[in-house]
Amino acid sequence: MQYTRLGRSGLKVSRLCLGTMNFGPQTEEADAHSIMDSALESGINFFDTANVYGGSGHRGWTEEILGRWFAKGGERRERTVLGTKLYGTMTDRPNESKLSALNIRRALDASLKRLQTDHIDLYQFHHVDRKTPWDEIWQAIDVAVQQGKILYSGSSNFAGWHIAQAQEAAARRHTNGLVSEQSIYNLLTRNVELEVIPAAQQYGLGILPWSPLHGGLLGGVLKKERDGVRRAEGRSLETLKTHENQIRQYEDFAGELGHEPGDVALAWLLHQPAVTAPIVGPRTRDQLDAAIRALDVTLDADALKRLDEIFPGHRTAPEDYAW
């Protein structure tokens with residue numbers, strides 16, 4: 001396993017992050033525990049979850065599954081860099097969502113209880129809260145840090161200017177601010193290259209791409225369909241229809257390289273200088289093994305150029321659209 005520092009922090013994390021969103025709704029608890037054990041055995045030390053994971057009928061379910069896994073002992077908690085998130089609505093009560101100081105305190109304590117741990121390594125804002133002042137947010141986070149309940153803070157789904165706003169407010173308080181940003185980022189969706197990635201690099205945040213295979217569309221969807229496995233439906237099917245020619249070129253090119261399409265998609269992200277660790281969300285042990293395989297894929301300059309030709313990206317704003 002390869003390791004790197006999370007943004008400008010001193011924290012060392014694996015180059016792949018284990019996403020747990022499927023644990024509970026799609027992956028039974030015993031299988032989830034097995035996947036997490038396998039991840040640790042392979043050297044993945046970075047796990048990501050969120051308080052809302054588990055579905056509308058059982059929010060918190062995924063954190064509970066992780067908590068029971070930690071409770072098995074064997075230094076599972078000590079070997080794991082644990083990230084969770086808050087923002088989403090947990091109940092219909094008015095103060096159980098977003099980033100008020102009250103919700104930060106309550107949501108953090110609830111996550112700690114479900115996770116059966118005394119601290120969160122990376123506590124992340126699942127979305128930007130435009131109506132809560134940053135001084136209030138950082139004051140609540142500072143208290144949690146002083147209490148030893150969290151160590152680092154991160155963001156998710158922030159625009160570039162939100163990152164700048166958060167970091168400038170933290171600087172005024174002489175606190176660390178954010179060390180990471182989770183964004184959707186893959187060969188098909190590269191909007192973050194305009195402003196989010198430049199902002200993250202400027203302020204020392206590591207990028208944690210979610211949906212690195214774009215819901216499976218970069219994982220060999222056309223090949224699977226030819227083999228009789230229908231993989232795309234709903235919004236994914238519409239995206240596939242729009243980008244079918246690109247995806248076909250991409251799968252053919254992956255074949256020329258001698259790799260599976262999903263391996264190439266993950267390897268491309270790992271070659272991007274701002275990326276710390278793509279978040280992979282396996283439902284099975286085989287999917288975890290496939291993700292780990294991508295760590296051994298090296299893409300040379302010609303291969304990276306060809307991928308940019310198939311899936312054109314963005315230059316930093318404003319040069320991308322202005323002189």
# chains A, B, ... in the order shown; residues from 1 in each chain; ligands from 1
call {"tool": "residues_around", "arguments": {"residues": "Arg130 of chain A", "least_positions_apart": "6", "cutoff": "10 Å", "atoms": "only C-alpha atoms", "output": "PyMOL selection string"}}
result
chain A and resi 98-99+162
call {"tool": "select_by_dssp", "arguments": {"residues": "segment 50-254 of chain A", "states": "strand (DSSP E)", "output": "VMD selection string"}}
result
chain A and resid 81 to 86 120 to 125 150 to 156 178 to 184 206 to 210
call {"tool": "write_last_selection", "arguments": {"atoms": "N, CA and C atoms", "output": "PDB file, in the first residue's frame"}}
result
ATOM      1  N   VAL A  81      -7.806   5.415  10.315  1.00  0.00           N
ATOM      2  CA  VAL A  81      -8.046   6.853  10.282  1.00  0.00           C
ATOM      3  C   VAL A  81      -9.509   7.015   9.903  1.00  0.00           C
ATOM      4  N   LEU A  82     -10.306   7.478  10.841  1.00  0.00           N
ATOM      5  CA  LEU A  82     -11.760   7.471  10.697  1.00  0.00           C
ATOM      6  C   LEU A  82     -12.288   8.852  10.334  1.00  0.00           C
ATOM      7  N   GLY A  83     -12.997   8.919   9.233  1.00  0.00           N
ATOM      8  CA  GLY A  83     -13.670  10.144   8.837  1.00  0.00           C
ATOM      9  C   GLY A  83     -15.174   9.938   8.801  1.00  0.00           C
ATOM     10  N   THR A  84     -15.933  10.882   9.355  1.00  0.00           N
ATOM     11  CA  THR A  84     -17.378  10.865   9.200  1.00  0.00           C
ATOM     12  C   THR A  84     -17.830  12.286   8.864  1.00  0.00           C
ATOM     13  N   LYS A  85     -19.112  12.451   8.614  1.00  0.00           N
ATOM     14  CA  LYS A  85     -19.624  13.735   8.136  1.00  0.00           C
ATOM     15  C   LYS A  85     -20.934  14.082   8.830  1.00  0.00           C
ATOM     16  N   LEU A  86     -21.222  15.389   8.864  1.00  0.00           N
ATOM     17  CA  LEU A  86     -22.518  15.870   9.324  1.00  0.00           C
ATOM     18  C   LEU A  86     -23.008  16.933   8.365  1.00  0.00           C
ATOM     19  N   ILE A 120     -13.184  11.397  16.535  1.00  0.00           N
ATOM     20  CA  ILE A 120     -13.223  11.282  15.076  1.00  0.00           C
ATOM     21  C   ILE A 120     -11.931  11.896  14.552  1.00  0.00           C
ATOM     22  N   ASP A 121     -11.246  11.193  13.678  1.00  0.00           N
ATOM     23  CA  ASP A 121      -9.991  11.722  13.145  1.00  0.00           C
ATOM     24  C   ASP A 121     -10.233  12.860  12.161  1.00  0.00           C
ATOM     25  N   LEU A 122     -11.222  12.697  11.284  1.00  0.00           N
ATOM     26  CA  LEU A 122     -11.531  13.713  10.276  1.00  0.00           C
ATOM     27  C   LEU A 122     -13.032  13.970  10.284  1.00  0.00           C
ATOM     28  N   TYR A 123     -13.432  15.114  10.825  1.00  0.00           N
ATOM     29  CA  TYR A 123     -14.849  15.460  10.900  1.00  0.00           C
ATOM     30  C   TYR A 123     -15.155  16.419   9.762  1.00  0.00           C
ATOM     31  N   GLN A 124     -16.091  16.011   8.873  1.00  0.00           N
ATOM     32  CA  GLN A 124     -16.281  16.708   7.607  1.00  0.00           C
ATOM     33  C   GLN A 124     -17.677  17.308   7.499  1.00  0.00           C
ATOM     34  N   PHE A 125     -17.742  18.489   6.895  1.00  0.00           N
ATOM     35  CA  PHE A 125     -19.005  19.146   6.590  1.00  0.00           C
ATOM     36  C   PHE A 125     -19.493  18.591   5.257  1.00  0.00           C
ATOM     37  N   ILE A 150     -12.481  15.564  18.144  1.00  0.00           N
ATOM     38  CA  ILE A 150     -12.063  15.502  16.748  1.00  0.00           C
ATOM     39  C   ILE A 150     -10.631  16.005  16.650  1.00  0.00           C
ATOM     40  N   LEU A 151      -9.956  15.602  15.567  1.00  0.00           N
ATOM     41  CA  LEU A 151      -8.572  16.026  15.347  1.00  0.00           C
ATOM     42  C   LEU A 151      -8.440  16.966  14.158  1.00  0.00           C
ATOM     43  N   TYR A 152      -9.111  16.635  13.045  1.00  0.00           N
ATOM     44  CA  TYR A 152      -9.022  17.430  11.822  1.00  0.00           C
ATOM     45  C   TYR A 152     -10.423  17.693  11.282  1.00  0.00           C
ATOM     46  N   SER A 153     -10.520  18.752  10.474  1.00  0.00           N
ATOM     47  CA  SER A 153     -11.793  19.086   9.829  1.00  0.00           C
ATOM     48  C   SER A 153     -11.637  19.041   8.313  1.00  0.00           C
ATOM     49  N   GLY A 154     -12.710  18.650   7.644  1.00  0.00           N
ATOM     50  CA  GLY A 154     -12.720  18.624   6.186  1.00  0.00           C
ATOM     51  C   GLY A 154     -14.063  19.078   5.653  1.00  0.00           C
ATOM     52  N   SER A 155     -14.120  19.295   4.350  1.00  0.00           N
ATOM     53  CA  SER A 155     -15.356  19.717   3.695  1.00  0.00           C
ATOM     54  C   SER A 155     -15.727  18.710   2.613  1.00  0.00           C
ATOM     55  N   SER A 156     -16.937  18.866   2.107  1.00  0.00           N
ATOM     56  CA  SER A 156     -17.418  18.021   1.016  1.00  0.00           C
ATOM     57  C   SER A 156     -18.423  18.815   0.202  1.00  0.00           C
ATOM     58  N   LEU A 178      -9.727  23.718   7.315  1.00  0.00           N
ATOM     59  CA  LEU A 178      -9.938  22.475   6.574  1.00  0.00           C
ATOM     60  C   LEU A 178      -8.620  21.862   6.126  1.00  0.00           C
ATOM     61  N   VAL A 179      -8.557  20.520   6.113  1.00  0.00           N
ATOM     62  CA  VAL A 179      -7.388  19.829   5.559  1.00  0.00           C
ATOM     63  C   VAL A 179      -7.752  18.988   4.344  1.00  0.00           C
ATOM     64  N   SER A 180      -9.068  18.883   4.026  1.00  0.00           N
ATOM     65  CA  SER A 180      -9.464  18.043   2.888  1.00  0.00           C
ATOM     66  C   SER A 180     -10.787  18.518   2.325  1.00  0.00           C
ATOM     67  N   GLU A 181     -11.030  18.159   1.069  1.00  0.00           N
ATOM     68  CA  GLU A 181     -12.292  18.423   0.384  1.00  0.00           C
ATOM     69  C   GLU A 181     -12.699  17.181  -0.392  1.00  0.00           C
ATOM     70  N   GLN A 182     -13.923  16.713  -0.120  1.00  0.00           N
ATOM     71  CA  GLN A 182     -14.507  15.620  -0.901  1.00  0.00           C
ATOM     72  C   GLN A 182     -15.349  16.222  -2.016  1.00  0.00           C
ATOM     73  N   SER A 183     -15.039  15.850  -3.247  1.00  0.00           N
ATOM     74  CA  SER A 183     -15.819  16.318  -4.395  1.00  0.00           C
ATOM     75  C   SER A 183     -16.014  15.173  -5.365  1.00  0.00           C
ATOM     76  N   ILE A 184     -17.089  15.257  -6.148  1.00  0.00           N
ATOM     77  CA  ILE A 184     -17.202  14.315  -7.255  1.00  0.00           C
ATOM     78  C   ILE A 184     -16.130  14.669  -8.277  1.00  0.00           C
ATOM     79  N   GLY A 206      -6.231  18.340   0.804  1.00  0.00           N
ATOM     80  CA  GLY A 206      -6.165  17.166  -0.047  1.00  0.00           C
ATOM     81  C   GLY A 206      -7.528  16.891  -0.660  1.00  0.00           C
ATOM     82  N   ILE A 207      -7.545  16.492  -1.926  1.00  0.00           N
ATOM     83  CA  ILE A 207      -8.798  16.177  -2.617  1.00  0.00           C
ATOM     84  C   ILE A 207      -9.109  14.690  -2.453  1.00  0.00           C
ATOM     85  N   LEU A 208     -10.348  14.407  -2.019  1.00  0.00           N
ATOM     86  CA  LEU A 208     -10.834  13.037  -1.855  1.00  0.00           C
ATOM     87  C   LEU A 208     -11.982  12.837  -2.840  1.00  0.00           C
ATOM     88  N   PRO A 209     -11.708  12.316  -4.041  1.00  0.00           N
ATOM     89  CA  PRO A 209     -12.771  12.179  -5.049  1.00  0.00           C
ATOM     90  C   PRO A 209     -13.792  11.113  -4.663  1.00  0.00           C
ATOM     91  N   TRP A 210     -15.073  11.502  -4.709  1.00  0.00           N
ATOM     92  CA  TRP A 210     -16.096  10.476  -4.569  1.00  0.00           C
ATOM     93  C   TRP A 210     -16.682  10.164  -5.946  1.00  0.00           C
TER      94      TRP A 210
END
call {"tool": "select_by_dssp", "arguments": {"residues": "segment 99-258 of chain A", "states": "helix (DSSP H, G or I)", "output": "MDAnalysis selection string"}}
result
chainID A and resid 101:115 134:146 160:172 191:193 196:203 221:226 234:257
call {"tool": "residues_around", "arguments": {"residues": "Ile197 of chain A", "least_positions_apart": "6", "cutoff": "12 Å", "atoms": "only C-alpha atoms", "output": "JSON, numbers by chain"}}
result
{"A": [7, 157, 158, 159, 160, 161, 163, 164, 180, 181, 182, 183, 184, 185, 190, 191, 203, 204, 205, 206, 207, 208, 209, 272, 273, 274, 275, 276, 314, 315, 316, 317]}
